[in-house]
>>> print(open('coords-v1.txt').read())   # compact mmCIF, C-alpha atoms
# COMPACT_ATOMS: atom_id res chain seq x y z
CA MET A 1 160.02 -80.37 200.12
CA LYS A 2 160.90 -79.45 196.55
CA LYS A 3 159.69 -76.00 195.43
CA VAL A 4 158.26 -75.42 191.94
CA LYS A 5 157.54 -72.75 189.38
CA LEU A 6 153.86 -72.23 190.11
CA LEU A 7 151.25 -70.68 187.81
CA LEU A 8 148.07 -69.44 189.51
CA ASN A 9 145.59 -68.85 186.69
CA LEU A 10 142.31 -67.76 188.24
CA PRO A 11 139.67 -65.05 187.69
CA PRO A 12 140.85 -61.62 188.92
CA GLY A 13 138.42 -61.58 191.83
CA PHE A 14 140.31 -64.42 193.52
CA PHE A 15 143.39 -62.26 193.93
CA ARG A 16 141.41 -59.37 195.45
CA MET A 17 139.71 -61.41 198.19
CA GLU A 18 141.01 -60.69 201.65
CA SER A 19 139.83 -64.09 202.89
CA MET A 20 142.01 -65.87 200.32
CA LYS A 21 145.32 -64.18 201.19
CA GLU A 22 146.25 -66.96 203.59
CA VAL A 23 145.81 -69.76 201.04
CA PHE A 24 147.74 -67.81 198.39
CA SER A 25 150.51 -67.37 200.95
CA ARG A 26 150.53 -71.17 201.32
CA PHE A 27 150.89 -71.57 197.56
CA GLU A 28 153.77 -69.10 197.48
CA LYS A 29 155.65 -70.97 200.21
CA MET A 30 155.59 -74.07 197.97
CA ALA A 31 157.02 -72.17 194.99
CA CYS A 32 160.42 -70.92 193.99
CA GLU A 33 158.65 -68.58 191.54
CA VAL A 34 154.97 -67.63 191.17
CA ARG A 35 153.05 -66.15 188.28
CA ARG A 36 149.52 -64.86 188.83
CA SER A 37 147.33 -64.57 185.75
CA SER A 38 143.71 -64.60 184.59
CA HIS A 39 144.07 -65.98 181.06
CA ASN A 40 140.86 -66.99 179.33
CA THR A 41 142.24 -68.29 176.02
CA ALA A 42 144.73 -70.98 175.06
CA GLN A 43 146.75 -68.42 173.12
CA ASP A 44 147.13 -66.22 176.19
CA ILE A 45 148.10 -68.98 178.61
CA ALA A 46 150.48 -70.90 176.31
CA GLU A 47 153.71 -69.15 177.34
CA ASP A 48 152.96 -69.46 181.05
CA VAL A 49 152.15 -73.16 180.66
CA LYS A 50 155.48 -73.64 178.90
CA TRP A 51 157.17 -72.08 181.98
CA ALA A 52 155.23 -73.76 184.81
CA GLU A 53 156.03 -76.90 186.78
CA ALA A 54 152.68 -76.78 188.58
CA ILE A 55 149.41 -74.99 187.80
CA ILE A 56 146.35 -74.08 189.87
CA MET A 57 143.40 -73.13 187.65
CA TRP A 58 139.67 -73.52 187.00
CA GLY A 59 138.65 -75.58 183.95
CA TRP A 60 139.75 -73.15 181.26
CA PRO A 61 141.57 -72.37 179.03
CA ASP A 62 141.86 -75.85 177.54
CA LEU A 63 145.31 -77.39 177.96
CA ASP A 64 145.66 -79.61 174.89
CA ASP A 65 148.30 -82.09 173.75
CA LYS A 66 150.21 -79.51 171.75
CA MET A 67 150.50 -77.15 174.69
CA LEU A 68 151.39 -79.88 177.17
CA SER A 69 154.01 -81.35 174.83
CA ALA A 70 155.87 -78.03 174.94
CA ASN A 71 156.69 -78.49 178.64
CA PRO A 72 157.82 -81.91 179.93
CA ASN A 73 158.53 -80.28 183.32
CA LEU A 74 154.84 -79.67 184.07
CA LYS A 75 153.99 -82.40 186.59
CA PHE A 76 150.93 -81.16 188.53
CA VAL A 77 147.70 -79.38 187.65
CA GLY A 78 145.12 -78.58 190.33
CA HIS A 79 141.68 -77.76 188.93
CA ILE A 80 138.60 -76.27 190.53
CA ASN A 81 136.80 -78.13 187.74
CA ASP A 82 138.32 -80.18 184.94
CA SER A 83 136.85 -81.40 181.67
CA ARG A 84 137.18 -84.99 180.52
CA THR A 85 139.01 -83.93 177.35
CA MET A 86 141.59 -81.91 179.26
CA ALA A 87 142.00 -84.59 181.94
CA GLU A 88 142.66 -87.21 179.28
CA ALA A 89 145.34 -85.00 177.72
CA GLU A 90 146.95 -84.32 181.09
CA LEU A 91 147.03 -88.01 181.95
CA ARG A 92 148.56 -88.86 178.58
CA HIS A 93 151.44 -86.55 179.47
CA GLY A 94 151.98 -88.10 182.88
CA ILE A 95 150.64 -85.10 184.77
CA THR A 96 149.19 -85.58 188.25
CA ILE A 97 145.69 -84.07 188.44
CA SER A 98 143.86 -82.83 191.50
CA GLU A 99 140.21 -81.84 190.92
CA LEU A 100 137.87 -80.24 193.42
CA ARG A 101 134.41 -80.01 191.88
CA HIS A 102 133.19 -81.86 194.99
CA GLY A 103 134.16 -78.80 197.02
CA TRP A 104 130.89 -77.22 195.92
CA SER A 105 128.83 -80.23 197.06
CA PRO A 106 127.98 -79.32 200.68
CA ALA A 107 126.55 -75.95 199.67
CA VAL A 108 124.68 -77.44 196.69
CA ALA A 109 123.11 -80.09 198.93
CA GLU A 110 121.97 -77.38 201.34
CA MET A 111 120.48 -75.38 198.47
CA ALA A 112 118.61 -78.45 197.20
CA LEU A 113 116.99 -78.83 200.60
CA THR A 114 116.31 -75.09 200.83
CA LEU A 115 114.58 -75.00 197.46
CA THR A 116 112.57 -78.12 198.25
CA LEU A 117 111.31 -76.66 201.51
CA SER A 118 110.63 -73.30 199.85
CA LEU A 119 108.33 -74.97 197.34
CA MET A 120 106.69 -77.33 199.79
CA ARG A 121 105.97 -74.60 202.33
CA ARG A 122 105.38 -71.77 199.79
CA THR A 123 107.69 -69.41 201.67
CA SER A 124 108.90 -67.47 198.63
CA ARG A 125 105.35 -66.81 197.46
CA TYR A 126 104.27 -65.70 200.92
CA HIS A 127 107.31 -63.43 201.22
CA LEU A 128 106.55 -61.70 197.91
CA GLN A 129 102.89 -61.31 198.83
CA MET A 130 103.80 -59.71 202.13
CA ARG A 131 106.22 -57.31 200.41
CA GLU A 132 103.50 -56.28 197.98
CA GLY A 133 100.79 -56.08 200.64
CA ALA A 134 98.85 -58.74 198.74
CA GLU A 135 98.96 -61.59 201.23
CA ARG A 136 95.86 -63.58 202.11
CA TRP A 137 95.33 -64.25 205.80
CA ILE A 138 93.51 -67.35 206.98
CA ASN A 139 89.98 -66.37 207.95
CA ASP A 140 88.12 -69.64 207.57
CA PHE A 141 90.39 -72.27 209.12
CA PRO A 142 91.11 -74.85 207.81
CA TYR A 143 89.13 -74.21 204.61
CA ASP A 144 91.39 -71.32 203.56
CA ILE A 145 94.64 -73.31 203.77
CA ASP A 146 96.51 -73.59 200.46
CA PRO A 147 96.54 -77.35 199.69
CA LEU A 148 99.86 -76.94 197.85
CA GLU A 149 101.54 -76.08 201.15
CA ARG A 150 102.72 -79.41 202.52
CA SER A 151 105.23 -80.95 204.88
CA LEU A 152 108.35 -82.62 203.54
CA THR A 153 108.32 -85.19 206.33
CA GLY A 154 107.47 -88.67 205.12
CA ARG A 155 107.33 -87.75 201.41
CA LYS A 156 108.58 -89.88 198.54
CA VAL A 157 111.81 -88.24 197.36
CA GLY A 158 113.61 -89.29 194.18
CA ILE A 159 117.18 -88.18 193.49
CA VAL A 160 118.66 -88.39 189.99
CA GLY A 161 122.42 -88.90 190.21
CA PHE A 162 123.69 -90.10 193.57
CA GLY A 163 127.17 -88.63 193.86
CA ARG A 164 128.59 -86.30 196.52
CA ILE A 165 125.79 -83.72 196.26
CA ALA A 166 123.03 -86.30 196.48
CA GLN A 167 124.72 -88.12 199.34
CA GLY A 168 125.01 -84.83 201.23
CA LEU A 169 121.33 -84.18 200.57
CA ALA A 170 120.43 -87.67 201.75
CA ASP A 171 122.19 -86.94 205.04
CA LEU A 172 120.25 -83.68 205.40
CA LEU A 173 116.97 -85.49 204.71
CA VAL A 174 117.40 -88.00 207.54
CA PRO A 175 115.37 -85.99 210.11
CA PHE A 176 112.50 -85.74 207.61
CA LYS A 177 112.11 -89.54 207.44
CA VAL A 178 111.49 -89.44 203.69
CA LYS A 179 111.02 -92.51 201.50
CA LEU A 180 114.16 -92.17 199.37
CA CYS A 181 114.81 -93.62 195.94
CA ALA A 182 117.61 -92.92 193.49
CA TYR A 183 118.59 -93.37 189.87
CA ASP A 184 122.30 -93.72 189.17
CA PRO A 185 123.57 -96.44 186.80
CA TYR A 186 127.11 -96.13 188.22
CA LEU A 187 126.15 -96.41 191.90
CA PRO A 188 126.93 -99.64 193.77
CA LYS A 189 123.90 -100.97 195.64
CA ALA A 190 125.93 -101.02 198.84
CA VAL A 191 126.32 -97.24 198.68
CA ALA A 192 122.60 -96.74 198.07
CA ASP A 193 121.83 -99.03 201.00
CA ARG A 194 124.15 -97.01 203.23
CA TYR A 195 121.95 -93.95 202.65
CA GLY A 196 118.66 -95.82 202.80
CA ALA A 197 117.97 -95.21 199.09
CA LYS A 198 116.18 -97.70 196.88
CA LEU A 199 117.74 -97.89 193.40
CA VAL A 200 115.10 -97.58 190.67
CA GLU A 201 114.88 -96.82 186.96
CA MET A 202 114.00 -93.34 185.74
CA PRO A 203 110.35 -94.03 184.77
CA GLU A 204 109.54 -95.27 188.28
CA LEU A 205 111.38 -92.41 189.98
CA MET A 206 109.73 -89.72 187.88
CA LYS A 207 106.23 -91.20 188.15
CA GLU A 208 106.20 -92.09 191.84
CA SER A 209 108.21 -89.33 193.54
CA GLU A 210 106.51 -86.39 195.24
CA VAL A 211 109.83 -84.53 195.26
CA ILE A 212 112.36 -84.98 192.42
CA VAL A 213 115.88 -83.57 192.79
CA LEU A 214 118.31 -83.53 189.86
CA CYS A 215 121.94 -83.86 190.98
CA ALA A 216 123.53 -85.79 188.10
CA ALA A 217 126.78 -84.74 186.45
CA ASN A 218 126.91 -83.08 183.04
CA THR A 219 128.04 -85.86 180.70
CA LYS A 220 127.18 -86.95 177.16
CA GLU A 221 125.06 -89.75 178.59
CA SER A 222 123.06 -87.45 180.87
CA LYS A 223 121.99 -84.87 178.26
CA HIS A 224 118.18 -84.59 178.40
CA LEU A 225 118.09 -87.58 180.73
CA VAL A 226 114.78 -86.11 181.88
CA ASN A 227 113.03 -86.08 178.52
CA ARG A 228 109.55 -85.00 177.45
CA GLN A 229 107.99 -88.38 178.13
CA LEU A 230 109.38 -88.50 181.66
CA ILE A 231 108.33 -84.91 182.35
CA GLU A 232 104.80 -85.70 181.26
CA SER A 233 104.76 -88.67 183.65
CA ILE A 234 105.44 -86.56 186.76
CA ARG A 235 102.56 -86.91 189.19
CA PRO A 236 100.36 -83.83 189.69
CA GLY A 237 101.38 -81.83 192.75
CA ALA A 238 104.99 -82.95 192.58
CA VAL A 239 107.99 -80.68 193.12
CA LEU A 240 111.05 -80.78 190.84
CA VAL A 241 114.36 -79.22 191.88
CA ASN A 242 117.36 -78.89 189.55
CA VAL A 243 120.69 -78.08 191.20
CA GLY A 244 122.65 -80.22 188.72
CA ARG A 245 122.95 -79.00 185.17
CA ALA A 246 120.39 -77.50 182.79
CA SER A 247 121.35 -80.07 180.16
CA LEU A 248 119.85 -82.83 182.33
CA ILE A 249 116.34 -81.79 181.40
CA ASP A 250 114.41 -80.92 178.26
CA MET A 251 113.62 -77.34 179.25
CA ASP A 252 111.04 -76.80 176.50
CA ALA A 253 109.12 -79.83 177.74
CA LEU A 254 109.41 -78.64 181.34
CA VAL A 255 108.05 -75.20 180.44
CA ALA A 256 105.13 -76.86 178.67
CA ARG A 257 104.37 -78.97 181.75
CA LEU A 258 104.70 -75.99 184.09
CA LYS A 259 102.17 -74.09 181.98
CA LYS A 260 99.61 -76.73 182.93
CA GLY A 261 100.03 -75.50 186.50
CA ASP A 262 99.91 -78.91 188.17
CA ILE A 263 103.57 -79.19 189.28
CA GLN A 264 106.18 -76.82 190.73
CA ALA A 265 109.85 -76.48 189.81
CA ALA A 266 112.83 -74.80 191.44
CA LEU A 267 115.64 -74.16 188.97
CA ASP A 268 119.14 -72.92 189.74
CA VAL A 269 120.62 -73.70 186.30
CA PHE A 270 119.51 -72.78 182.79
CA ASP A 271 120.32 -73.58 179.17
CA ARG A 272 121.54 -70.02 178.69
CA GLU A 273 123.05 -68.00 181.51
CA PRO A 274 122.33 -65.29 182.42
CA LEU A 275 118.71 -66.25 181.85
CA GLU A 276 117.12 -64.19 179.09
CA ALA A 277 115.05 -61.26 180.33
CA ASP A 278 112.09 -62.44 178.26
CA SER A 279 112.34 -66.11 179.27
CA GLU A 280 108.96 -67.75 179.72
CA LEU A 281 110.20 -69.17 183.01
CA ARG A 282 110.17 -65.70 184.57
CA LYS A 283 106.42 -65.46 183.97
CA LEU A 284 105.40 -68.81 185.43
CA PRO A 285 104.16 -68.52 189.04
CA ASN A 286 105.02 -72.16 189.72
CA ALA A 287 108.68 -71.74 188.66
CA TYR A 288 111.02 -70.70 191.50
CA LEU A 289 114.26 -69.35 190.02
CA THR A 290 117.70 -68.67 191.48
CA PRO A 291 120.70 -67.37 189.45
CA HIS A 292 123.06 -70.39 189.61
CA ARG A 293 123.88 -69.80 193.28
CA ALA A 294 123.68 -73.33 194.71
CA GLY A 295 127.37 -73.97 195.34
CA GLY A 296 128.88 -70.54 194.82
CA ILE A 297 129.32 -69.22 198.33
CA LEU A 298 132.64 -68.01 199.74
CA GLU A 299 132.96 -70.99 202.05
CA SER A 300 132.96 -73.24 198.98
CA VAL A 301 135.73 -71.31 197.27
CA ASP A 302 137.84 -71.17 200.45
CA ARG A 303 137.37 -74.92 200.94
CA ILE A 304 138.37 -75.70 197.35
CA LEU A 305 141.53 -73.59 197.32
CA ALA A 306 142.63 -74.98 200.67
CA ALA A 307 142.15 -78.54 199.40
CA LEU A 308 144.12 -77.78 196.23
CA ALA A 309 146.92 -76.37 198.38
CA ASP A 310 146.85 -79.57 200.47
CA ASP A 311 147.09 -81.77 197.37
CA LEU A 312 149.92 -79.70 195.87
CA GLU A 313 151.81 -80.05 199.15
CA HIS A 314 151.20 -83.82 199.17
CA HIS A 315 152.43 -84.01 195.56
CA LEU A 316 155.62 -82.13 196.36
CA LYS A 317 156.27 -84.40 199.35
CA GLY A 318 155.59 -87.55 197.34
CA GLU A 319 152.51 -88.36 199.43
CA PRO A 320 149.11 -89.67 198.22
CA LEU A 321 146.66 -87.02 197.02
CA LYS A 322 143.15 -86.83 198.44
CA TYR A 323 141.48 -85.44 195.31
CA GLN A 324 143.46 -87.07 192.50
CA ILE A 325 141.80 -87.83 189.15
CA THR A 326 142.89 -91.04 187.45
CA GLU A 327 141.67 -93.01 184.42
CA LYS A 328 138.93 -94.68 186.46
CA ASP A 329 137.46 -91.28 187.39
CA LEU A 330 137.02 -89.97 183.83
CA ASN A 331 133.36 -91.01 183.61
CA CYS A 332 132.57 -88.44 186.28
CA LEU A 333 133.84 -85.60 184.07
CA ALA A 334 131.88 -83.91 181.30
>>> encode(input="coords-v1.txt", output="structure tokens")
Amino acid sequence: MKKVKLLLNLPPGFFRMESMKEVFSRFEKMACEVRRSSHNTAQDIAEDVKWAEAIIMWGWPDLDDKMLSANPNLKFVGHINDSRTMAEAELRHGITISELRHGWSPAVAEMALTLTLSLMRRTSRYHLQMREGAERWINDFPYDIDPLERSLTGRKVGIVGFGRIAQGLADLLVPFKVKLCAYDPYLPKAVADRYGAKLVEMPELMKESEVIVLCAANTKESKHLVNRQLIESIRPGAVLVNVGRASLIDMDALVARLKKGDIQAALDVFDREPLEADSELRKLPNAYLTPHRAGGILESVDRILAALADDLEHHLKGEPLKYQITEKDLNCLA
């Protein structure tokens, strides 16, 4: 196996993690020389890119045509996430790309289910009430039962965007025997059928679903896919969960609908992060908020780095890559 000059450009925390020493040792065994860096700007990374024959990095800094033209020996870039613009530039220069955004998917799917159940069964509210000593015990059963506490089993669930995250969620939903529908203009019907999902248009999904989960990718076409009109059409009592991207939804319109008090939303992503301290969302009792934690657990990071190491090894051996990005995959990138 040929060894390469390898640039590892990752946030500093990666290099301090005890659990990641083994995968970094794997990278080093594939390299004749290794440079570790945490560059955040194109200016800072330029000299190292000019030196490298292979790079492992996140999705920044941007590697543009000018930078890539300076090094014809760069043949492989492994990304945790890649942008469409950068991927197009890399492909123009004949660079093999491995991209592992799907490495977050299992954890994101689990979080989508967790948030859905938390809203349906009111567990977060009950937990806070118990902490504050303000809980209300059932004295007049069943009259005292909160009608917003419901079972997920048998509900109508609509998923927006039916990629890896949504497919993982669909698998997790099987025991709940939900009535599943999906909106995804790029999804073959055969794939939807495999998961028992009925393909529908957005107006039907938003109006009919009791649980709505946003999983779509962040692309130009998906910006404010869930617009004001669709938000207003959500049925009273419904639950909306966003583990995709904040840009998928008109947040001002969602806040306005939440203020009516007739739906609930669980949001893991926001237009501005960290979320402003004075954000109206923090004051809405029917908004369940988490600080962009859906995919970001250590198991996800370990899985992603191990897969990038696998693909680099395959590249060096002249074998097919498992996570390669080609021209046909560009629509999946923002």
>>> residues_around(input="coords-v1.txt", residues="Lys260 (chain A)", least_positions_apart="5", cutoff="10 Å", atoms="all atoms listed in the file", output="list in words")
Pro236, Val255 and Asn286 of chain A
>>> closest_residue(input="coords-v1.txt", among="A:Met202, A:Leu312, A:Leu298, A:Val108", to="Glu53 (chain A)", atoms="all atoms listed in the file")
A:Leu312
>>> residues_around(input="coords-v1.txt", residues="His102 (chain A)", least_positions_apart="5", cutoff="9 Å", atoms="all atoms listed in the file", output="PyMOL selection string")
chain A and resi 80-81+164-165+304
>>> write_last_selection(input="coords-v1.txt", atoms="C-alpha atoms", output="short mmCIF file (atom, residue, chain, number, x, y, z; two decimals), in the frame of the given file")
data_model
loop_
_atom_site.label_atom_id
_atom_site.label_comp_id
_atom_site.auth_asym_id
_atom_site.auth_seq_id
_atom_site.Cartn_x
_atom_site.Cartn_y
_atom_site.Cartn_z
CA ILE A 80 138.60 -76.27 190.53
CA ASN A 81 136.80 -78.13 187.74
CA ARG A 164 128.59 -86.30 196.52
CA ILE A 165 125.79 -83.72 196.26
CA ILE A 304 138.37 -75.70 197.35
#
>>> residues_around(input="coords-v1.txt", residues="region 135-147 of chain A", least_positions_apart="5", cutoff="8 Å", atoms="all atoms listed in the file", output="PyMOL selection string")
chain A and resi 126+129-130
>>> axis_aligned_box(input="coords-v1.txt", around="region 170-174 of chain A", padding_each_side="6 Å", output="JSON")
{"center_x": 119.6, "center_y": -85.8, "center_z": 204.6, "size_x": 17.2, "size_y": 16.3, "size_z": 17.8}
>>> closest_residue(input="coords-v1.txt", among="A:Trp60, A:Leu258, A:Arg235, A:Lys2", to="Asp44 (chain A)", atoms="only C-alpha atoms")
A:Trp60
>>> closest_residue(input="coords-v1.txt", among="A:Ser247, A:Ala307, A:Ala256, A:Glu201", to="Phe27 (chain A)", atoms="all atoms listed in the file")
A:Ala307
>>> residues_around(input="coords-v1.txt", residues="Lys29 (chain A)", least_positions_apart="4", cutoff="12 Å", atoms="all atoms listed in the file", output="list in words")
Met1, Lys2, Lys3, Val4, Lys5, Leu6, Glu22, Val23, Phe24, Ser25, Glu33, Val34, Ala309, Leu312, Glu313 and Leu316 of chain A
>>> closest_residue(input="coords-v1.txt", among="A:Glu28, A:Asp64, A:Glu149, A:Glu327", to="Thr41 (chain A)", atoms="only C-alpha atoms")
A:Asp64
>>> atom_distance(input="coords-v1.txt", atom1="CA of Thr290 (chain A)", atom2="CA of Ala217 (chain A)")
19.1 Å
>>> closest_residue(input="coords-v1.txt", among="A:Met20, A:Met30, A:Leu173, A:Leu248", to="Lys220 (chain A)", atoms="all atoms listed in the file")
A:Leu248
>>> closest_residue(input="coords-v1.txt", among="A:Ala216, A:Leu117, A:Ala134, A:Leu281", to="Leu333 (chain A)", atoms="all atoms listed in the file")
A:Ala216
>>> atom_distance(input="coords-v1.txt", atom1="CA of Ala266 (chain A)", atom2="CA of Leu115 (chain A)")
6.3 Å
>>> residues_around(input="coords-v1.txt", residues="Phe15 (chain A)", least_positions_apart="3", cutoff="10 Å", atoms="all atoms listed in the file", output="mmCIF file with C-alpha atoms, keeping the file's coordinate frame")
data_model
loop_
_atom_site.group_PDB
_atom_site.id
_atom_site.type_symbol
_atom_site.label_atom_id
_atom_site.label_comp_id
_atom_site.auth_asym_id
_atom_site.auth_seq_id
_atom_site.Cartn_x
_atom_site.Cartn_y
_atom_site.Cartn_z
ATOM 1 C CA LEU A 8 148.070 -69.440 189.510
ATOM 2 C CA LEU A 10 142.310 -67.760 188.240
ATOM 3 C CA PRO A 11 139.670 -65.050 187.690
ATOM 4 C CA PRO A 12 140.850 -61.620 188.920
ATOM 5 C CA GLU A 18 141.010 -60.690 201.650
ATOM 6 C CA SER A 19 139.830 -64.090 202.890
ATOM 7 C CA MET A 20 142.010 -65.870 200.320
ATOM 8 C CA LYS A 21 145.320 -64.180 201.190
ATOM 9 C CA PHE A 24 147.740 -67.810 198.390
ATOM 10 C CA ARG A 36 149.520 -64.860 188.830
ATOM 11 C CA SER A 37 147.330 -64.570 185.750
ATOM 12 C CA SER A 38 143.710 -64.600 184.590
#
>>> residues_near_point(input="coords-v1.txt", point="(115.3, -85.7, 196.0)", cutoff="10 Å", atoms="only C-alpha atoms", output="CSV table (one decimal) with C-alpha atoms, keeping the file's coordinate frame")
chain,number,residue,atom,x,y,z
A,112,ALA,CA,118.6,-78.4,197.2
A,113,LEU,CA,117.0,-78.8,200.6
A,116,THR,CA,112.6,-78.1,198.2
A,155,ARG,CA,107.3,-87.8,201.4
A,156,LYS,CA,108.6,-89.9,198.5
A,157,VAL,CA,111.8,-88.2,197.4
A,158,GLY,CA,113.6,-89.3,194.2
A,159,ILE,CA,117.2,-88.2,193.5
A,160,VAL,CA,118.7,-88.4,190.0
A,161,GLY,CA,122.4,-88.9,190.2
A,162,PHE,CA,123.7,-90.1,193.6
A,166,ALA,CA,123.0,-86.3,196.5
A,169,LEU,CA,121.3,-84.2,200.6
A,170,ALA,CA,120.4,-87.7,201.8
A,173,LEU,CA,117.0,-85.5,204.7
A,178,VAL,CA,111.5,-89.4,203.7
A,179,LYS,CA,111.0,-92.5,201.5
A,180,LEU,CA,114.2,-92.2,199.4
A,181,CYS,CA,114.8,-93.6,195.9
A,182,ALA,CA,117.6,-92.9,193.5
A,205,LEU,CA,111.4,-92.4,190.0
A,209,SER,CA,108.2,-89.3,193.5
A,210,GLU,CA,106.5,-86.4,195.2
A,211,VAL,CA,109.8,-84.5,195.3
A,212,ILE,CA,112.4,-85.0,192.4
A,213,VAL,CA,115.9,-83.6,192.8
A,214,LEU,CA,118.3,-83.5,189.9
A,215,CYS,CA,121.9,-83.9,191.0
A,239,VAL,CA,108.0,-80.7,193.1
A,240,LEU,CA,111.0,-80.8,190.8
A,241,VAL,CA,114.4,-79.2,191.9
A,242,ASN,CA,117.4,-78.9,189.6
>>> atom_distance(input="coords-v1.txt", atom1="CA of Gly94 (chain A)", atom2="CA of Ser300 (chain A)")
29.0 Å
>>> residues_near_point(input="coords-v1.txt", point="(103.0, -69.7, 185.4)", cutoff="12 Å", atoms="only C-alpha atoms", output="list in words")
Leu254, Val255, Ala256, Arg257, Leu258, Lys259, Lys260, Gly261, Asp262, Ile263, Gln264, Ala265, Ser279, Glu280, Leu281, Arg282, Lys283, Leu284, Pro285, Asn286, Ala287 and Tyr288 of chain A
>>> build_atoms(input="coords-v1.txt", residues="region 290-304 of chain A", atoms="N, CA and C atoms", output="PDB file, in the frame of the given file")
ATOM      1  N   THR A 290     116.539 -69.267 190.828  1.00  0.00           N
ATOM      2  CA  THR A 290     117.700 -68.670 191.480  1.00  0.00           C
ATOM      3  C   THR A 290     118.847 -68.631 190.468  1.00  0.00           C
ATOM      4  N   PRO A 291     119.709 -67.606 190.509  1.00  0.00           N
ATOM      5  CA  PRO A 291     120.700 -67.370 189.450  1.00  0.00           C
ATOM      6  C   PRO A 291     122.005 -68.154 189.617  1.00  0.00           C
ATOM      7  N   HIS A 292     121.897 -69.490 189.542  1.00  0.00           N
ATOM      8  CA  HIS A 292     123.060 -70.390 189.610  1.00  0.00           C
ATOM      9  C   HIS A 292     123.895 -70.085 190.869  1.00  0.00           C
ATOM     10  N   ARG A 293     123.237 -70.157 192.016  1.00  0.00           N
ATOM     11  CA  ARG A 293     123.880 -69.800 193.280  1.00  0.00           C
ATOM     12  C   ARG A 293     124.096 -71.004 194.196  1.00  0.00           C
ATOM     13  N   ALA A 294     123.725 -72.197 193.779  1.00  0.00           N
ATOM     14  CA  ALA A 294     123.680 -73.330 194.710  1.00  0.00           C
ATOM     15  C   ALA A 294     125.005 -73.559 195.435  1.00  0.00           C
ATOM     16  N   GLY A 295     126.099 -73.663 194.689  1.00  0.00           N
ATOM     17  CA  GLY A 295     127.370 -73.970 195.340  1.00  0.00           C
ATOM     18  C   GLY A 295     128.250 -72.773 195.575  1.00  0.00           C
ATOM     19  N   GLY A 296     127.947 -71.652 194.902  1.00  0.00           N
ATOM     20  CA  GLY A 296     128.880 -70.540 194.820  1.00  0.00           C
ATOM     21  C   GLY A 296     128.872 -69.595 195.989  1.00  0.00           C
ATOM     22  N   ILE A 297     129.154 -70.090 197.177  1.00  0.00           N
ATOM     23  CA  ILE A 297     129.320 -69.220 198.330  1.00  0.00           C
ATOM     24  C   ILE A 297     130.806 -69.190 198.694  1.00  0.00           C
ATOM     25  N   LEU A 298     131.211 -68.190 199.459  1.00  0.00           N
ATOM     26  CA  LEU A 298     132.640 -68.010 199.740  1.00  0.00           C
ATOM     27  C   LEU A 298     133.236 -69.202 200.478  1.00  0.00           C
ATOM     28  N   GLU A 299     132.442 -69.817 201.352  1.00  0.00           N
ATOM     29  CA  GLU A 299     132.960 -70.990 202.050  1.00  0.00           C
ATOM     30  C   GLU A 299     133.371 -72.084 201.075  1.00  0.00           C
ATOM     31  N   SER A 300     132.620 -72.228 199.979  1.00  0.00           N
ATOM     32  CA  SER A 300     132.960 -73.240 198.980  1.00  0.00           C
ATOM     33  C   SER A 300     134.300 -72.939 198.332  1.00  0.00           C
ATOM     34  N   VAL A 301     134.492 -71.681 197.941  1.00  0.00           N
ATOM     35  CA  VAL A 301     135.730 -71.310 197.270  1.00  0.00           C
ATOM     36  C   VAL A 301     136.918 -71.466 198.220  1.00  0.00           C
ATOM     37  N   ASP A 302     136.760 -71.023 199.468  1.00  0.00           N
ATOM     38  CA  ASP A 302     137.840 -71.170 200.450  1.00  0.00           C
ATOM     39  C   ASP A 302     138.188 -72.638 200.656  1.00  0.00           C
ATOM     40  N   ARG A 303     137.149 -73.481 200.737  1.00  0.00           N
ATOM     41  CA  ARG A 303     137.370 -74.920 200.940  1.00  0.00           C
ATOM     42  C   ARG A 303     138.131 -75.518 199.764  1.00  0.00           C
ATOM     43  N   ILE A 304     137.752 -75.140 198.554  1.00  0.00           N
ATOM     44  CA  ILE A 304     138.370 -75.700 197.350  1.00  0.00           C
ATOM     45  C   ILE A 304     139.834 -75.306 197.244  1.00  0.00           C
TER      46      ILE A 304
END
